[in-house]
Amino acid sequence: IARLQRELESAKAGIADSNRNVEMKDVNGIESNKVDAEDKLKLVLKNTAETLNKFRIKNKKVVPAGLCSPEQVGKFGASATVKAHLTTKPGVTCVDVSQGGSTLVSGGVDGQLKVLQLSEDLSSANVLATLNGHEKKVNQVAFAERKGTIVSCSKDKTAIIWGSSMSAEGSSISYESYKAKHVIKVHNQNVVSCSVHPSYNYVGTLSSDGLWALTEIDSGECVSSANVDLPGTFSAFHPDGLLVGIGSEQGVIRIWDAMNASKAADLSTGSSGIIASLS
């Protein structure tokens, strides 16, 4: 597991280095300072997909050593209970775990984000920071650690990119200093989902009216948006980053082409229930 993680991190580091140089390259003979956001987006998506696809194909038959069996998973139990959100508006709506597994971020009905540090034995958790900025319940949270940021989306029709001046890529993270760096306001309805692209350059957001948007994490600028023609409930990037799975209220999963902003396929679950999550 450790070896595979090191190889994956090495691959992603290579992507980050390459993507940082995108603006320095010519695109079809165009000078670098004239490369617009759409050209840059396509280059980053293409470069990320090619690199991660090679890694995935190379390791697709490798079963991680120490992988838990179904029987072991069946014996899992709660090791700690943490009550961090406001009791006046109770309810934890979403959670994400850092790559190292020692830090959690949760979103609540109270509109807050809580960043928590887990103890080594997983028996307790300490609140590192409380992030206030959403006016209604938080629907999803996600770490974008290579950028030193956290992303969240809410029923208040916004998504927020959280970070600090000290949370630049490669620097140590101080969650206590986090604030809203960029507030994404491209949606007109409940923003039900947010997911970080594998390049860590972009975040995809989906609202209940079917608008899917791609925003650059560093600048907070929306670089692509389109209506997927479905009442959206959840979205997640394919590991290579070219496709997006979009859940709906009718039990249909729409596969969306992020490069061309178009439908690639529809998958039916055989029921009319709401798609609550994708992985």
# chains A, B, ... in the order shown; residues from 1 in each chain; ligands from 1
>>> residues_around(residues="region 200-203 of chain A", least_positions_apart="3", cutoff="10 Å", atoms="only C-alpha atoms", output="compact mmCIF listing (two decimals) with C-alpha atoms, in the first residue's frame")
# COMPACT_ATOMS: atom_id res chain seq x y z
CA LYS A 12 0.49 13.41 -9.27
CA ILE A 15 1.27 16.20 -13.19
CA ALA A 16 1.48 19.27 -10.98
CA ASN A 19 0.55 21.61 -15.41
CA ARG A 20 2.40 24.53 -13.85
CA LEU A 41 -8.13 23.64 -19.26
CA VAL A 44 -4.41 20.19 -18.10
CA LEU A 45 -7.22 17.65 -18.50
CA THR A 48 -3.58 14.60 -16.22
CA ALA A 142 -13.53 18.02 -0.02
CA PHE A 143 -9.82 18.39 0.69
CA ALA A 144 -7.58 19.74 -2.08
CA GLU A 145 -4.40 19.22 -0.10
CA ARG A 146 -1.91 19.73 -2.90
CA LYS A 147 -3.32 23.26 -3.13
CA GLY A 148 -3.56 23.62 0.65
CA THR A 149 -7.30 24.21 0.41
CA VAL A 151 -13.76 23.11 -0.89
CA SER A 152 -17.38 23.14 0.25
CA ALA A 159 -19.39 26.92 -3.16
CA ILE A 161 -12.65 27.56 -1.64
CA CYS A 194 -18.38 19.61 -5.23
CA SER A 195 -15.43 17.45 -6.25
CA VAL A 196 -11.75 18.20 -6.79
CA HIS A 197 -10.24 17.30 -10.17
CA ALA A 213 -19.36 24.14 -13.54
CA LEU A 214 -15.59 23.86 -13.43
CA THR A 215 -13.71 26.52 -11.44
CA GLU A 216 -9.97 27.11 -11.16
CA ILE A 217 -8.90 26.70 -7.53
CA ASP A 218 -6.10 29.29 -7.57
CA SER A 219 -8.08 32.13 -9.16
CA GLY A 220 -11.66 31.22 -8.29
CA GLU A 221 -12.63 31.83 -11.92
CA CYS A 222 -15.23 29.63 -13.62
CA VAL A 223 -13.61 28.23 -16.79
CA PHE A 237 -14.66 12.71 -11.26
>>> select_by_dssp(residues="region 42-179 of chain A", states="strand (DSSP E)", output="ChimeraX atom specification")
/A:92-97,103-108,112-118,125-132,138-144,149-154,159-163,179
>>> closest_atom_pairs(of="region 129-238 of chain A", to="region 262-267 of chain A", cutoff="12 Å", atoms="only C-alpha atoms", output="Markdown table")
| residue | atom | partner | partner_atom | distance |
| --- | --- | --- | --- | --- |
| A:Trp212 | CA | A:Ser262 | CA | 10.8 |
| A:Ser224 | CA | A:Ser262 | CA | 11.4 |
| A:Ser225 | CA | A:Ser262 | CA | 10.4 |
| A:Ala226 | CA | A:Ser262 | CA | 8.1 |
| A:Asn227 | CA | A:Ser262 | CA | 9.1 |
| A:Val228 | CA | A:Lys263 | CA | 7.3 |
| A:Asp229 | CA | A:Lys263 | CA | 9.4 |
| A:Leu230 | CA | A:Asp266 | CA | 10.9 |
>>> closest_residue(among="A:Ala180, A:Val97, A:Leu118, A:Val252", to="Gly133 (chain A)", atoms="only C-alpha atoms")
A:Ala180
>>> residues_around(residues="Asp156 (chain A)", least_positions_apart="4", cutoff="12 Å", atoms="only C-alpha atoms", output="MDAnalysis selection string")
chainID A and resid 109:111 133:139 152 160 183:192 207:208
>>> select_by_dssp(residues="region 26-112 of chain A", states="alpha helix (DSSP H)", output="PyMOL selection string")
chain A and resi 37-59+70-74
>>> write_last_selection(atoms="C-alpha atoms", output="PDB file, in the first residue's frame")
ATOM      1  CA  ALA A  37      -8.507  29.582 -19.891  1.00  0.00           C
ATOM      2  CA  GLU A  38     -10.205  27.104 -22.231  1.00  0.00           C
ATOM      3  CA  ASP A  39      -6.926  26.142 -23.944  1.00  0.00           C
ATOM      4  CA  LYS A  40      -5.239  25.749 -20.566  1.00  0.00           C
ATOM      5  CA  LEU A  41      -8.133  23.644 -19.262  1.00  0.00           C
ATOM      6  CA  LYS A  42      -7.942  21.224 -22.179  1.00  0.00           C
ATOM      7  CA  LEU A  43      -4.175  20.868 -21.826  1.00  0.00           C
ATOM      8  CA  VAL A  44      -4.409  20.190 -18.096  1.00  0.00           C
ATOM      9  CA  LEU A  45      -7.223  17.650 -18.505  1.00  0.00           C
ATOM     10  CA  LYS A  46      -5.404  15.855 -21.312  1.00  0.00           C
ATOM     11  CA  ASN A  47      -2.053  15.790 -19.502  1.00  0.00           C
ATOM     12  CA  THR A  48      -3.584  14.599 -16.223  1.00  0.00           C
ATOM     13  CA  ALA A  49      -5.599  11.843 -17.899  1.00  0.00           C
ATOM     14  CA  GLU A  50      -2.639  10.486 -19.854  1.00  0.00           C
ATOM     15  CA  THR A  51      -0.400  10.338 -16.771  1.00  0.00           C
ATOM     16  CA  LEU A  52      -2.949   8.801 -14.390  1.00  0.00           C
ATOM     17  CA  ASN A  53      -4.270   6.356 -16.998  1.00  0.00           C
ATOM     18  CA  LYS A  54      -0.773   4.907 -17.425  1.00  0.00           C
ATOM     19  CA  PHE A  55      -0.430   4.536 -13.656  1.00  0.00           C
ATOM     20  CA  ARG A  56      -3.872   2.924 -13.325  1.00  0.00           C
ATOM     21  CA  ILE A  57      -3.259   0.411 -16.133  1.00  0.00           C
ATOM     22  CA  LYS A  58       0.125  -0.502 -14.673  1.00  0.00           C
ATOM     23  CA  ASN A  59      -1.324  -1.205 -11.218  1.00  0.00           C
ATOM     24  CA  PRO A  70     -15.322  -8.535   3.764  1.00  0.00           C
ATOM     25  CA  GLU A  71     -15.389 -10.404   7.065  1.00  0.00           C
ATOM     26  CA  GLN A  72     -13.024  -7.877   8.680  1.00  0.00           C
ATOM     27  CA  VAL A  73     -15.038  -4.954   7.361  1.00  0.00           C
ATOM     28  CA  GLY A  74     -18.159  -6.567   8.809  1.00  0.00           C
TER      29      GLY A  74
END
>>> atom_distance(atom1="CA of Leu116 (chain A)", atom2="CA of Leu104 (chain A)")
5.1 Å
>>> closest_residue(among="A:Ser154, A:Gln140, A:Thr233, A:Tyr175", to="Gln117 (chain A)", atoms="only C-alpha atoms")
A:Tyr175
>>> atom_distance(atom1="CA of Ile275 (chain A)", atom2="CA of Ser235 (chain A)")
9.6 Å
